[in-house]
Each structure stands twice: as C-alpha cells, then as structure tokens.
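*Asks:* To be precise about what I am sending: the file is called structure-v3.csv and holds CSV, C-alpha atoms.
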```
chain,number,residue,atom,x,y,z
A,8,MET,CA,7.4,1.3,8.7
A,9,GLY,CA,4.1,-0.4,9.1
A,10,PRO,CA,1.7,-1.9,8.1
A,11,LEU,CA,4.1,-4.8,8.2
A,12,ILE,CA,2.8,-7.1,5.5
A,13,PRO,CA,2.1,-4.6,2.7
A,14,ASN,CA,5.6,-3.0,3.2
A,15,GLY,CA,7.2,-6.4,3.0
A,16,ILE,CA,8.7,-6.4,6.5
A,17,ILE,CA,6.8,-9.7,7.0
A,18,PRO,CA,6.7,-11.6,3.7
A,19,ILE,CA,3.2,-12.0,2.4
A,20,GLU,CA,3.5,-15.8,2.5
A,21,TRP,CA,3.2,-15.6,6.3
A,22,ASP,CA,-0.3,-14.3,5.9
A,23,SER,CA,-2.1,-17.6,6.5
A,24,ILE,CA,0.2,-18.7,9.4
A,25,ILE,CA,-0.3,-15.3,11.2
A,26,ALA,CA,-4.1,-15.6,10.5
A,27,ILE,CA,-4.2,-19.0,12.1
A,28,LEU,CA,-2.3,-17.8,15.2
A,29,ILE,CA,-4.5,-14.7,15.6
A,30,GLY,CA,-7.5,-16.9,15.0
A,31,VAL,CA,-6.5,-19.3,17.8
A,32,VAL,CA,-6.0,-16.4,20.2
A,33,PHE,CA,-9.2,-14.7,19.2
A,34,GLY,CA,-11.2,-17.9,19.7
A,35,PHE,CA,-9.6,-18.5,23.0
A,36,VAL,CA,-10.5,-15.0,24.2
A,37,LEU,CA,-14.0,-15.2,22.9
A,38,GLU,CA,-14.6,-18.5,24.7
A,39,ALA,CA,-12.8,-17.4,27.9
A,40,SER,CA,-15.0,-14.3,28.2
A,41,GLY,CA,-18.2,-16.3,27.7
A,42,PHE,CA,-19.0,-15.3,24.2
A,43,SER,CA,-19.7,-18.8,23.2
A,44,SER,CA,-23.0,-18.6,25.0
A,45,SER,CA,-25.9,-17.6,22.8
A,46,ARG,CA,-27.7,-16.1,25.8
A,47,LYS,CA,-24.9,-13.7,26.5
A,48,LEU,CA,-24.9,-12.5,22.9
A,49,ALA,CA,-28.7,-12.3,22.7
A,50,GLY,CA,-28.6,-10.3,26.0
A,51,VAL,CA,-27.8,-7.1,24.1
A,52,PHE,CA,-31.2,-7.3,22.4
A,53,TYR,CA,-33.1,-8.1,25.5
A,54,GLY,CA,-31.2,-5.7,27.8
A,55,TYR,CA,-29.8,-8.0,30.4
A,56,ASP,CA,-26.2,-8.2,29.3
A,57,PHE,CA,-24.3,-5.6,27.3
A,58,ALA,CA,-20.9,-7.3,27.4
A,59,VAL,CA,-20.9,-7.7,23.6
A,60,LEU,CA,-21.6,-4.0,23.0
A,61,LYS,CA,-19.0,-3.0,25.5
A,62,VAL,CA,-16.3,-5.4,24.2
A,63,PHE,CA,-16.7,-4.5,20.6
A,64,PHE,CA,-17.0,-0.8,21.1
A,65,THR,CA,-13.9,-0.8,23.4
A,66,ALA,CA,-12.0,-3.0,20.9
A,67,ALA,CA,-12.8,-0.5,18.1
A,68,LEU,CA,-11.9,2.5,20.2
A,69,VAL,CA,-8.6,1.0,21.5
A,70,ALA,CA,-7.7,0.0,17.9
A,71,VAL,CA,-8.5,3.3,16.3
A,72,ILE,CA,-6.8,5.4,19.0
A,73,GLY,CA,-3.7,3.2,18.9
A,74,ILE,CA,-3.6,3.2,15.1
A,75,TYR,CA,-3.8,7.0,14.9
A,76,TYR,CA,-1.1,7.4,17.5
A,77,MET,CA,1.1,5.1,15.6
A,78,ASP,CA,0.4,7.0,12.5
A,79,TYR,CA,1.2,10.2,14.2
A,80,LEU,CA,4.5,8.9,15.4
A,81,GLY,CA,5.3,7.5,12.0
A,82,TYR,CA,5.3,3.8,12.9
A,83,MET,CA,2.4,3.1,10.6
A,84,ASP,CA,0.7,4.6,7.6
A,85,VAL,CA,-3.0,4.8,7.9
A,86,SER,CA,-3.5,5.4,4.2
A,87,GLN,CA,-1.9,1.9,3.5
A,88,LEU,CA,-4.5,0.1,5.6
A,89,TYR,CA,-7.1,-2.1,4.0
A,90,VAL,CA,-10.5,-0.4,3.6
A,91,HIS,CA,-13.4,-2.6,3.0
A,92,PRO,CA,-15.1,-1.8,-0.3
A,93,THR,CA,-18.6,-0.4,-0.1
A,94,TYR,CA,-21.4,-2.2,-2.0
A,95,LEU,CA,-24.2,-0.2,-0.6
A,96,TRP,CA,-27.3,-2.4,-1.0
A,97,GLY,CA,-25.4,-5.6,-0.6
A,98,ALA,CA,-24.2,-4.3,2.7
A,99,ILE,CA,-27.6,-3.2,3.9
A,100,ILE,CA,-29.5,-6.3,2.9
A,101,GLY,CA,-26.7,-8.5,4.2
A,102,GLY,CA,-26.6,-6.6,7.4
A,103,VAL,CA,-30.4,-7.0,8.0
A,104,ILE,CA,-30.2,-10.8,7.3
A,105,MET,CA,-27.2,-11.2,9.5
A,106,GLY,CA,-28.8,-9.1,12.3
A,107,ALA,CA,-32.0,-11.2,12.1
A,108,GLY,CA,-29.9,-14.4,12.4
A,109,PHE,CA,-27.9,-12.8,15.3
A,110,VAL,CA,-31.1,-12.2,17.3
A,111,ALA,CA,-32.7,-15.4,16.4
A,112,GLY,CA,-29.7,-17.7,17.0
A,113,GLY,CA,-27.7,-15.7,19.5
A,114,PHE,CA,-24.4,-16.2,17.6
A,115,CYS,CA,-22.3,-14.3,15.2
A,116,PRO,CA,-20.3,-16.5,12.8
A,117,GLY,CA,-17.2,-16.3,14.9
A,118,THR,CA,-18.7,-17.1,18.2
A,119,SER,CA,-20.8,-19.9,16.7
A,120,LEU,CA,-17.6,-21.7,15.7
A,121,CYS,CA,-16.3,-21.1,19.2
A,122,ALA,CA,-19.4,-22.7,20.6
A,123,VAL,CA,-19.1,-25.6,18.2
A,124,ALA,CA,-15.6,-26.2,19.6
A,125,ILE,CA,-17.0,-26.6,23.2
A,126,GLY,CA,-19.8,-28.8,21.9
A,127,LYS,CA,-23.0,-26.6,22.2
A,128,ILE,CA,-25.8,-28.2,20.3
A,129,ASP,CA,-27.5,-24.9,19.4
A,130,ALA,CA,-24.2,-23.9,17.8
A,131,TYR,CA,-24.2,-27.0,15.7
A,132,VAL,CA,-27.6,-26.2,14.5
A,133,TYR,CA,-26.6,-22.6,13.9
A,134,VAL,CA,-23.5,-23.6,11.8
A,135,ALA,CA,-25.6,-26.0,9.8
A,136,GLY,CA,-27.9,-23.1,9.2
A,137,ILE,CA,-25.0,-21.0,8.0
A,138,MET,CA,-24.0,-23.8,5.6
A,139,ILE,CA,-27.5,-24.1,4.2
A,140,GLY,CA,-27.6,-20.3,3.8
A,141,VAL,CA,-24.3,-20.4,1.9
A,142,PHE,CA,-25.6,-23.2,-0.3
A,143,ILE,CA,-28.8,-21.2,-1.1
A,144,PHE,CA,-26.8,-18.1,-1.8
A,145,SER,CA,-24.5,-20.0,-4.1
A,146,GLU,CA,-27.4,-21.5,-6.0
A,147,LEU,CA,-29.1,-18.2,-6.4
A,148,PHE,CA,-25.9,-16.3,-7.2
A,149,PRO,CA,-26.8,-15.5,-10.8
A,150,LEU,CA,-30.0,-13.9,-9.5
A,151,LEU,CA,-28.3,-12.0,-6.7
A,152,GLU,CA,-25.2,-11.0,-8.6
A,153,PRO,CA,-26.5,-7.5,-9.6
A,154,ILE,CA,-26.9,-6.7,-5.9
A,155,TYR,CA,-23.6,-8.5,-5.0
A,156,ASN,CA,-21.5,-6.6,-7.4
A,157,GLY,CA,-23.7,-3.5,-7.9
A,158,TYR,CA,-23.9,-0.2,-6.1
A,159,PHE,CA,-20.2,-0.1,-5.7
A,160,TYR,CA,-18.8,3.1,-4.2
A,161,GLY,CA,-15.1,2.1,-3.8
A,162,ASN,CA,-13.1,1.8,-0.7
A,163,LEU,CA,-14.9,4.5,1.2
A,164,THR,CA,-14.1,5.7,4.7
A,165,LEU,CA,-16.2,8.3,6.7
A,166,GLN,CA,-13.4,10.7,6.0
A,167,ASP,CA,-13.9,10.3,2.2
A,168,SER,CA,-17.7,10.5,2.2
A,169,PHE,CA,-18.4,13.1,4.8
A,170,GLY,CA,-15.0,14.9,5.0
A,171,VAL,CA,-14.9,14.6,8.7
A,172,ASN,CA,-11.6,15.2,10.5
A,173,PRO,CA,-10.5,11.8,11.8
A,174,TYR,CA,-9.2,13.1,15.1
A,175,TRP,CA,-12.4,14.9,16.0
A,176,PHE,CA,-14.3,11.9,14.9
A,177,ILE,CA,-12.3,9.6,17.2
A,178,PHE,CA,-12.9,12.0,20.1
A,179,ILE,CA,-16.6,12.2,19.5
A,180,PHE,CA,-16.8,8.4,18.9
A,181,SER,CA,-15.1,7.7,22.2
A,182,ILE,CA,-17.6,10.0,24.0
A,183,ILE,CA,-20.5,8.3,22.3
A,184,ALA,CA,-19.0,4.9,23.3
A,185,ILE,CA,-18.8,5.9,26.9
A,186,VAL,CA,-22.3,7.4,27.0
A,187,ALA,CA,-23.5,4.2,25.4
A,188,PHE,CA,-21.7,2.2,28.2
A,189,VAL,CA,-23.4,4.3,30.9
A,190,ILE,CA,-26.8,4.0,29.3
A,191,SER,CA,-26.5,0.3,28.8
A,192,ASP,CA,-25.5,-0.1,32.4
A,193,MET,CA,-28.6,1.8,33.5
A,194,VAL,CA,-30.8,-0.3,31.2
A,195,ARG,CA,-29.3,-3.5,32.6
A,196,LYS,CA,-29.9,-2.5,36.2
A,197,LYS,CA,-33.6,-1.9,35.4
A,198,GLN,CA,-33.9,-5.4,33.9
A,199,LYS,CA,-34.7,-8.4,35.9
A,200,LYS,CA,-31.6,-10.5,36.5
A,201,VAL,CA,-31.3,-13.5,34.2
A,202,PHE,CA,-29.1,-16.3,35.2
A,203,TYR,CA,-27.5,-18.4,32.5
B,28,MET,CA,-7.0,-2.8,55.6
B,29,VAL,CA,-4.9,-2.7,52.4
B,30,LYS,CA,-7.4,-4.9,50.7
B,31,LYS,CA,-10.2,-2.5,51.5
B,32,LYS,CA,-8.1,0.4,50.1
B,33,ILE,CA,-7.5,-1.5,46.9
B,34,ALA,CA,-11.2,-2.4,46.7
B,35,LYS,CA,-12.0,1.3,47.1
B,36,VAL,CA,-9.7,2.3,44.2
B,37,PHE,CA,-11.0,-0.6,42.1
B,38,ALA,CA,-14.5,0.5,42.5
B,39,PHE,CA,-13.7,3.3,40.2
B,40,ARG,CA,-12.0,1.1,37.6
B,41,TYR,CA,-14.5,1.6,34.8
B,42,ILE,CA,-14.6,5.4,35.3
B,43,MET,CA,-10.8,5.4,35.2
B,44,LEU,CA,-10.7,3.4,32.0
B,45,ALA,CA,-13.3,5.6,30.4
B,46,ALA,CA,-11.3,8.7,31.5
B,47,ILE,CA,-8.1,7.2,30.0
B,48,LEU,CA,-9.9,6.5,26.7
B,49,ILE,CA,-11.3,10.1,26.5
B,50,LEU,CA,-7.9,11.6,27.4
B,51,LEU,CA,-6.1,9.6,24.7
B,52,ALA,CA,-8.8,10.5,22.1
B,53,GLY,CA,-8.6,14.1,23.2
B,54,GLY,CA,-4.9,14.0,22.9
B,55,LEU,CA,-5.2,13.1,19.3
B,56,VAL,CA,-7.3,16.1,18.6
B,57,LEU,CA,-4.9,18.4,20.5
B,58,LEU,CA,-1.6,17.1,19.1
B,59,PRO,CA,0.0,19.6,16.8
B,60,LYS,CA,-0.4,18.4,13.2
B,61,TYR,CA,2.5,18.3,10.8
B,62,GLN,CA,2.9,17.7,7.1
B,63,LYS,CA,3.8,14.1,6.3
B,64,HIS,CA,6.2,13.4,3.6
B,65,GLU,CA,5.5,10.7,1.1
B,66,GLY,CA,8.3,8.4,0.1
B,67,ILE,CA,11.8,8.2,1.4
B,68,LYS,CA,13.3,10.4,4.2
B,69,PRO,CA,15.0,13.7,3.2
B,70,GLN,CA,18.3,12.4,4.6
B,71,GLU,CA,18.1,9.4,2.3
B,72,LEU,CA,17.3,11.5,-0.7
B,73,LEU,CA,20.2,13.8,0.0
B,74,SER,CA,22.6,10.9,0.2
B,75,ASN,CA,21.2,9.6,-3.0
B,76,VAL,CA,21.6,13.0,-4.6
B,77,ILE,CA,25.3,13.4,-3.8
B,78,SER,CA,26.1,9.8,-4.7
B,79,SER,CA,28.2,9.7,-7.8
B,80,GLU,CA,26.4,6.5,-8.8
B,81,ARG,CA,23.4,8.3,-9.9
B,82,TYR,CA,25.0,9.3,-13.2
B,83,ILE,CA,26.0,7.1,-16.0
B,84,THR,CA,28.4,8.6,-18.6
B,85,THR,CA,27.8,8.4,-22.3
B,86,ASP,CA,30.8,6.1,-22.7
B,87,GLU,CA,29.4,3.6,-20.2
B,88,LEU,CA,26.0,3.8,-21.9
B,89,ALA,CA,27.5,3.3,-25.4
B,90,GLN,CA,29.4,0.2,-24.1
B,91,LYS,CA,26.2,-1.2,-22.6
B,92,LEU,CA,24.3,-0.6,-25.9
B,93,ILE,CA,27.1,-2.1,-28.0
B,94,TYR,CA,27.3,-5.2,-25.8
B,95,ARG,CA,23.5,-5.4,-25.8
B,96,ASP,CA,23.4,-5.4,-22.1
B,97,PRO,CA,19.9,-6.7,-21.3
B,98,SER,CA,19.9,-5.4,-17.7
B,99,PHE,CA,18.7,-1.8,-18.3
B,100,ILE,CA,16.1,0.2,-20.0
B,101,LEU,CA,16.4,3.7,-21.5
B,102,ILE,CA,13.8,6.2,-20.8
B,103,ASP,CA,13.5,9.5,-22.7
B,104,VAL,CA,11.8,12.1,-20.6
B,105,ARG,CA,11.6,14.7,-23.4
B,106,ASP,CA,8.3,15.5,-25.1
B,107,GLU,CA,6.9,13.3,-27.9
B,108,LYS,CA,8.2,15.6,-30.7
B,109,SER,CA,11.8,15.5,-29.7
B,110,TYR,CA,11.5,11.8,-29.1
B,111,ALA,CA,10.2,11.3,-32.7
B,112,ASP,CA,13.0,13.4,-34.1
B,113,TYR,CA,15.8,11.5,-32.5
B,114,SER,CA,16.3,9.3,-29.5
B,115,LEU,CA,18.7,6.7,-28.3
B,116,PRO,CA,18.2,3.2,-29.6
B,117,ASN,CA,15.4,1.3,-28.0
B,118,ALA,CA,14.5,4.2,-25.7
B,119,ILE,CA,11.0,4.4,-24.2
B,120,ASN,CA,9.4,7.8,-24.3
B,121,ILE,CA,7.9,9.0,-21.0
B,122,PRO,CA,7.5,12.8,-21.1
B,123,LEU,CA,8.2,14.4,-17.7
B,124,GLU,CA,4.5,15.4,-17.2
B,125,LYS,CA,3.4,11.7,-17.7
B,126,LEU,CA,6.1,10.4,-15.4
B,127,LEU,CA,3.7,9.5,-12.6
B,128,ASP,CA,1.0,7.9,-14.8
B,129,GLU,CA,0.0,4.4,-14.0
B,130,ASP,CA,1.5,3.1,-17.3
B,131,SER,CA,4.8,4.8,-16.7
B,132,ARG,CA,5.1,3.6,-13.2
B,133,ALA,CA,5.3,0.0,-14.5
B,134,TYR,CA,8.6,0.9,-16.1
B,135,LEU,CA,10.0,3.0,-13.3
B,136,ASN,CA,8.8,1.2,-10.2
B,137,GLN,CA,10.3,-2.2,-10.8
B,138,ILE,CA,13.4,-4.1,-9.7
B,139,GLN,CA,13.9,-6.1,-12.9
B,140,PHE,CA,15.9,-3.5,-14.9
B,141,ASP,CA,18.1,-0.6,-14.2
B,142,VAL,CA,16.5,2.5,-15.5
B,143,VAL,CA,18.6,5.2,-17.3
B,144,LEU,CA,16.8,8.5,-17.7
B,145,PHE,CA,17.9,11.1,-20.2
B,146,SER,CA,16.8,14.3,-21.8
B,147,ASP,CA,18.5,16.9,-24.0
B,148,ASP,CA,20.8,17.9,-21.2
B,149,HIS,CA,20.5,16.1,-17.8
B,150,PHE,CA,18.3,18.8,-16.4
B,151,TYR,CA,14.8,17.3,-17.0
B,152,ALA,CA,16.2,13.9,-16.4
B,153,ASP,CA,17.4,15.0,-13.0
B,154,GLN,CA,13.9,16.3,-12.2
B,155,ALA,CA,12.5,13.0,-13.1
B,156,TRP,CA,15.2,11.3,-11.1
B,157,ILE,CA,14.3,13.3,-8.0
B,158,LEU,CA,10.6,12.5,-8.3
B,159,CYS,CA,11.3,8.8,-8.8
B,160,ASN,CA,13.7,8.7,-5.9
B,161,ARG,CA,11.3,10.5,-3.5
B,162,LEU,CA,8.8,7.8,-4.3
B,163,GLY,CA,11.4,5.2,-3.4
B,164,PHE,CA,11.8,3.7,-6.9
B,165,LYS,CA,15.0,1.6,-7.1
B,166,ASN,CA,18.0,1.6,-9.6
B,167,ILE,CA,17.3,4.8,-11.3
B,168,ARG,CA,20.2,6.6,-13.0
B,169,VAL,CA,20.6,9.7,-15.2
B,170,LEU,CA,22.6,9.9,-18.4
B,171,LYS,CA,25.2,12.7,-17.7
B,172,GLY,CA,24.8,15.4,-20.3
B,173,GLY,CA,21.9,13.8,-22.0
B,174,VAL,CA,21.4,13.6,-25.7
B,175,ASN,CA,23.6,16.7,-26.3
B,176,ASN,CA,26.6,15.0,-24.7
B,177,TRP,CA,25.8,11.8,-26.5
B,178,PHE,CA,26.2,13.6,-29.8
B,179,LYS,CA,29.3,15.4,-28.6
B,180,THR,CA,31.1,12.4,-27.3
B,181,ILE,CA,29.8,9.3,-29.1
B,182,ILE,CA,28.2,10.3,-32.4
B,183,ASN,CA,30.6,13.1,-33.3
B,184,PRO,CA,33.6,12.7,-31.0
B,185,GLU,CA,36.2,15.5,-31.1
B,186,LYS,CA,39.5,14.5,-32.6
B,187,PRO,CA,42.3,15.1,-30.1
B,188,GLY,CA,45.0,17.6,-31.0
B,189,PRO,CA,48.5,16.5,-31.6
B,190,THR,CA,49.6,17.5,-28.1
B,191,MET,CA,47.0,15.5,-26.3
B,192,PRO,CA,48.0,12.5,-24.2
B,193,ALA,CA,47.8,8.9,-25.5
B,194,GLU,CA,44.7,8.2,-23.5
B,195,ALA,CA,42.8,10.9,-25.4
B,196,PHE,CA,43.6,9.1,-28.6
B,197,GLN,CA,42.6,5.8,-27.2
B,198,LEU,CA,39.3,7.3,-26.0
B,199,TYR,CA,38.8,8.9,-29.4
B,200,SER,CA,39.3,5.6,-31.2
B,201,THR,CA,36.9,3.9,-28.9
B,202,ARG,CA,34.3,6.6,-29.3
B,203,LYS,CA,34.8,6.6,-33.1
B,204,ALA,CA,34.3,2.8,-33.2
B,205,GLY,CA,31.2,3.4,-31.0
B,206,SER,CA,29.9,6.0,-33.4
B,207,MET,CA,30.3,3.6,-36.3
B,208,TYR,CA,28.2,1.1,-34.5
B,209,PHE,CA,25.5,3.7,-34.1
B,210,GLY,CA,25.6,4.3,-37.9
B,211,VAL,CA,28.1,7.1,-38.5
B,212,VAL,CA,30.1,6.6,-41.7
B,213,TYR,CA,33.5,8.2,-41.8
B,214,PRO,CA,35.0,9.6,-45.1
B,215,GLU,CA,38.0,7.2,-45.0
B,216,GLN,CA,35.7,4.2,-44.9
B,217,ALA,CA,33.0,5.5,-47.1
B,218,ASN,CA,34.5,4.2,-50.3
B,219,ILE,CA,35.1,0.8,-48.7
B,220,ALA,CA,31.6,0.5,-47.5
B,221,GLY,CA,30.2,1.6,-50.9
B,222,SER,CA,26.6,1.2,-50.1
B,223,ASP,CA,24.8,3.5,-47.6
B,224,THR,CA,22.6,1.0,-45.9
B,225,LYS,CA,21.6,2.4,-42.6
B,226,ILE,CA,22.6,0.2,-39.7
B,227,GLU,CA,19.7,-0.1,-37.4
B,228,ALA,CA,20.2,-1.1,-33.8
B,229,PRO,CA,18.5,-4.4,-33.3
B,230,LYS,CA,15.0,-3.9,-31.9
B,231,ARG,CA,14.6,-4.9,-28.4
B,232,VAL,CA,11.3,-5.9,-26.8
B,233,ILE,CA,11.0,-4.6,-23.3
B,234,THR,CA,8.5,-6.3,-21.2
B,235,VAL,CA,8.2,-5.2,-17.7
B,236,GLN,CA,6.6,-7.4,-15.2
B,237,LYS,CA,4.2,-5.4,-13.1
B,238,ARG,CA,5.3,-5.4,-9.5
B,239,LYS,CA,3.0,-7.7,-7.7
B,240,LYS,CA,0.5,-5.5,-6.0
B,241,LYS,CA,-1.8,-7.9,-4.2
B,242,PRO,CA,-4.9,-6.2,-2.9
B,243,VAL,CA,-5.0,-6.5,0.8
B,244,GLU,CA,-7.9,-8.7,1.8
B,245,GLY,CA,-9.9,-8.3,5.0
B,246,GLY,CA,-13.0,-9.7,6.6
B,247,CYS,CA,-14.7,-10.7,9.7
```
Go through the file and emit its structure as structure tokens.
*Replies:*
Amino acid sequence: MGPLIPNGIIPIEWDSIIAILIGVVFGFVLEASGFSSSRKLAGVFYGYDFAVLKVFFTAALVAVIGIYYMDYLGYMDVSQLYVHPTYLWGAIIGGVIMGAGFVAGGFCPGTSLCAVAIGKIDAYVYVAGIMIGVFIFSELFPLLEPIYNGYFYGNLTLQDSFGVNPYWFIFIFSIIAIVAFVISDMVRKKQKKVFY
Amino acid sequence: MVKKKIAKVFAFRYIMLAAILILLAGGLVLLPKYQKHEGIKPQELLSNVISSERYITTDELAQKLIYRDPSFILIDVRDEKSYADYSLPNAINIPLEKLLDEDSRAYLNQIQFDVVLFSDDHFYADQAWILCNRLGFKNIRVLKGGVNNWFKTIINPEKPGPTMPAEAFQLYSTRKAGSMYFGVVYPEQANIAGSDTKIEAPKRVITVQKRKKKPVEGGC
C-alpha cells in the first residue's frame, strides 16, 4: 500500500499542501517543547540540557521501528522510500560547517525560523547569517561545484554499504540510544544547573 | 493516596518507555522472516490468468490493423532473427530476455496504449505476459496462437468445405479480404491486378510517453 504518494494513493499534487500542514505542526511542537531557545539547543554541547539529543534520537527510533513493523505487515514498502543521495565530501564539509554554526548560534535552521516566529533577536541575526551564507555559497558555486556534485556514491543506506541486517541494526541502535540517554542524564546531573 | 500511587508508577516512566522501545526493536529481530513478493498479489494474478480477456484472436487483431486502430502496440517477443524474417506490421521487437530492460519497460509499463504480445505460438508471449502482469503492468494481452495462427487464419485461410455452415464461408471471405490487405494475391485476381507491387502496411510511428517517474525529494 504505502508509501502513499509514490504509489499514487495521495496524488503528487498534494505534496506542497501536506508539507505545509506537517511544517505547521512541526513548528508548533518545536516551539511548545522549548526548542526555539538557543540555550536549550546549545545545552547539548555544554552538558546542561540533553533534550535535543533525546528528542531526535527518540524520533529516529520510533520512526524506524514503526516503519519496519509496517513493512513487515505489508502496509508499506521500505524499498520505495526516499534515500538521500550520498555526496561524501560535500556531506562532511557541510556537516562541519553546520555543526560549527549550531554550536556558535544555538539554532538549527528549523528552530531558528521557529524562534524568528516568536520574535527572538538572536534568531533574526542567525537567519540573516543563513541568508548571507546562502548568498556566498551561490556566488562561489562555480568554485565549489566539484565538491557539490562530486564524490557521488548513489542513494546509499547502511544496509548497502556495510551489509548489516536492518533488524539487528535497529535493535543495536535502540540499545545505543538508551545507553546514550542514561549517560547524558549522568552528565547533566554532574553539571551545575543553568537557568534559562 | 491514589495520587501517591500514580506518582510512584510515573517515577519509572522513562525506564518503562526505554523498555518498550527495546522490546519493540527486539521483536523486529525475533519475528519470523518471510519472502516478500514483488508486484501484484497471487490471487490477482490468478484471476488475470483465467480471464478470457487476456487473449486477442487473430481475427480481432486483423480488424484492428485494417482499421488502423491507434490504441494498441504490437510487441514481438521472439528473437531478433525471427523478427527480421517476418513479423506483423509495425510490431516492435522485444526479445523475451530483454523484456525487463529499462528501454523495454517504456513500452510495457504505460497506460497510453494496449499492448499485444505475440510469438510463434503463444507460449513465449504467455511467459512475457506473466512477467509483465506480476509487475503490475496494465492492458497487456496475448495474440492467441501467435504468428503461426496468424498465417493459418489470416494470411492463408483454409477454404471451407461444401458441407460447412454459412458462417464459415462468411468468416473465410472476411479472412480472405484481410489477407489481401496484408499483401496476399489470389490467382483469380492476379490477372486483374497485373502488376506485382507489394502493398506495404503504412508505417506507424509509435512514441511512448515515459511514465512520469518523479524522483522523491527529501530534506531537512
């Protein structure tokens, strides 16, 4: 049956409308759980708040377990899902830059827009920074193009590149996640409480 | 008192959630695995197989060709050599072993035309039909009896005996007229025609619109 859009159960023209609805809900949840505060996000790196780590790890786990159960029961075909293409060096360099921006500014692109919506000044500065970055990138694109389009490995998954069994991987991944939660909690307790 | 009890239970909420996650993930590992079938369900395939609509007779096909019905394409699943020797007018050659190539899929996996598969008999064409059907391709049919039957019924129809019913004569004359359309010259009209110009079926250009396959986009 699923995924719904590639199989034509929901027409592809609904894409943008569904995206807007999901975006509204996502933004609401981000803001409601306090993710529009740069201090909360930066807390992961300083060790006083691990909400981000927990939230995204849990989200990934719930999604992957749910998807594989649905695949097992025949409601959805995992092989039809979108797999992001791997541009190795582009991803590494981009990841480093994004990580640096994340620590320095305390936002990821999604939460920064959330924070703009509730009027945080640092978020305005951050988004302006994103715009400047986009502008510089576009201007330098001819120079950067070999990295942008190079080192292409196709739409790889861990299953393709390492041949791991997805079910075992999910099991090990969930154990790693829970160990990470426990450790992060221990680290947080050792840190001085920060009020924000 | 009740509140205290609830609070006691809720003190373990994270541990419980963690346990649920691990249980569910472990369940995935322990579930018995089964072979997944690609394409349509076996029941659906069976109902397609026993449907009488999957065959088209040579007479129906001849009529379609004579009327230049634009709604279908002919696909010859025999090898290249047989195709080069003789094939039906405007047929496309897709040998059985190349059936699932990317180029061939454009002709088979579309909803623009009906597809008529044929081979010498309908044996190979049936195999191709099964493959296409399992992959869920639509509007695929098989020429009953294939090229052999085409020769027997349309190109060289058998003259009915004197004791045959009137319908047989009617069918014979229709088939004979059909064979003339496909270039057969009968002795009684040979002297009238005089020249032996070969009548070629008008060439038909078949363009298949590739089924829109938009790549799924994603991002953060």
*Asks:* Write out as JSON, numbers by chain every residue belonging to chain A that has an atom at most 10 Å from any atom of chain B, counting all atoms listed in the file.
*Replies:* {"A": [12, 13, 19, 65, 68, 69, 71, 72, 73, 75, 76, 79, 81, 87, 88, 89, 90, 91, 92, 116, 117, 172, 173, 174, 175, 176, 177, 178, 179, 180, 181, 182, 184, 185, 186, 188, 189]}
*Asks:* In Å to one decimal, how far is atom CA of Val201 of chain A from atom CA of Phe39 of chain B?
*Replies:*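 Going from atom CA of Phe39 of chain B over to atom CA of Val201 of chain A, I get 25.1 Å.
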*Asks:* Work out how far apart atom CA of Phe159 of chain A and atom CA of Thr93 of chain A are and give it in Å to one decimal.
*Replies:*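 We find that atom CA of Phe159 of chain A and atom CA of Thr93 of chain A lie 5.8 Å from each other.
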*Asks:* For the atom pair atom CA of Val32 of chain A and atom CA of Cys121 of chain A, what is the interatomic distance in Å to one decimal place?
*Replies:* 11.4 Å
*Asks:* Find the spatial neighbours of Thr118 of chain A, counting all atoms listed in the file, within a cut-off of 10 Å - ignore same-chain residues fewer than 3 positions away - and output them as a PyMOL selection string.
*Replies:* chain A and resi 33-34+37-38+41-45+48+113-115+121-124+130
*Asks:* Pick the closest to Arg161 of chain B from B:Thr190, B:Ser146, B:Asn136, B:Asn175: which is it, counting all atoms listed in the file?
*Replies:*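 Smallest distance to Arg161 of chain B is found for B:Asn136.
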*Asks:* Pick out the residues sitting within 9 Å of segment 114-118 of chain B, and hand them over as a list in words; count all atoms listed in the file, and ignore anything fewer than 5 positions along from it in its own chain.
*Replies:*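 The filter keeps Leu92, Ile100, Leu101, Ile102, Asp103, Ser109, Val174, Trp177, Phe209, Glu227, Ala228, Pro229, Lys230, Arg231, Val232 and Ile233 of chain B.
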*Asks:* Measuring atom to atom with all atoms listed in the file, identify which of B:Leu127, B:Leu72, B:Ile119, B:Ile93 is nearest to Ile157 of chain B.
*Replies:*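 Closest to Ile157 of chain B, using all atoms listed in the file: B:Leu72.
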*Asks:* Around (-30.2, -7.5, -4.5), as given in the file, which residues come within 8 Å? Count all atoms listed in the file and list them as a PyMOL selection string.
*Replies:* chain A and resi 96-97+100+151-155
*Asks:* Skipping near chain neighbours, those fewer than 4 positions away, what residues fall within 8 Å of Gly112 of chain A using only C-alpha atoms, listed as a list in words?
*Replies:*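 The neighbour list is Ser45, Ala49, Gly108, Asp129 and Tyr133 of chain A.
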*Asks:* For Gly140 of chain A, work out the shell of residues within 12 Å, counting only C-alpha atoms and skipping chain neighbours fewer than 6 positions away, then give it as a list in words.
*Replies:*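 Counting only C-alpha atoms, the residues come to Gly101, Ile104, Met105, Gly108, Tyr133, Val134, Glu146, Leu147 and Phe148 of chain A.
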*Asks:* Could you add whatever atoms are missing so that segment 190-201 of chain A carries N, CA and C atoms, then write the result as a short mmCIF file (atom, residue, chain, number, x, y, z; two decimals), in the coordinates of the input?
*Replies:*
```
data_model
loop_
_atom_site.label_atom_id
_atom_site.label_comp_id
_atom_site.auth_asym_id
_atom_site.auth_seq_id
_atom_site.Cartn_x
_atom_site.Cartn_y
_atom_site.Cartn_z
N ILE A 190 -25.40 4.28 29.54
CA ILE A 190 -26.80 4.00 29.30
C ILE A 190 -27.12 2.54 29.38
N SER A 191 -26.23 1.74 28.76
CA SER A 191 -26.50 0.30 28.80
C SER A 191 -26.44 -0.25 30.17
N ASP A 192 -25.59 0.32 31.00
CA ASP A 192 -25.50 -0.10 32.40
C ASP A 192 -26.83 0.22 33.12
N MET A 193 -27.36 1.42 32.83
CA MET A 193 -28.60 1.80 33.50
C MET A 193 -29.75 0.89 33.04
N VAL A 194 -29.78 0.57 31.73
CA VAL A 194 -30.80 -0.30 31.20
C VAL A 194 -30.70 -1.69 31.90
N ARG A 195 -29.46 -2.17 32.03
CA ARG A 195 -29.30 -3.50 32.60
C ARG A 195 -29.74 -3.56 34.05
N LYS A 196 -29.53 -2.47 34.77
CA LYS A 196 -29.90 -2.50 36.20
C LYS A 196 -31.43 -2.49 36.32
N LYS A 197 -32.14 -1.94 35.33
CA LYS A 197 -33.60 -1.90 35.40
C LYS A 197 -34.19 -3.28 35.08
N GLN A 198 -33.43 -4.05 34.28
CA GLN A 198 -33.90 -5.40 33.90
C GLN A 198 -33.87 -6.37 35.00
N LYS A 199 -34.79 -7.35 34.91
CA LYS A 199 -34.70 -8.40 35.90
C LYS A 199 -33.47 -9.25 35.61
N LYS A 200 -32.81 -9.69 36.66
CA LYS A 200 -31.60 -10.50 36.50
C LYS A 200 -31.91 -11.82 35.82
N VAL A 201 -31.14 -12.16 34.81
CA VAL A 201 -31.30 -13.50 34.20
C VAL A 201 -30.08 -14.28 34.47
#
```
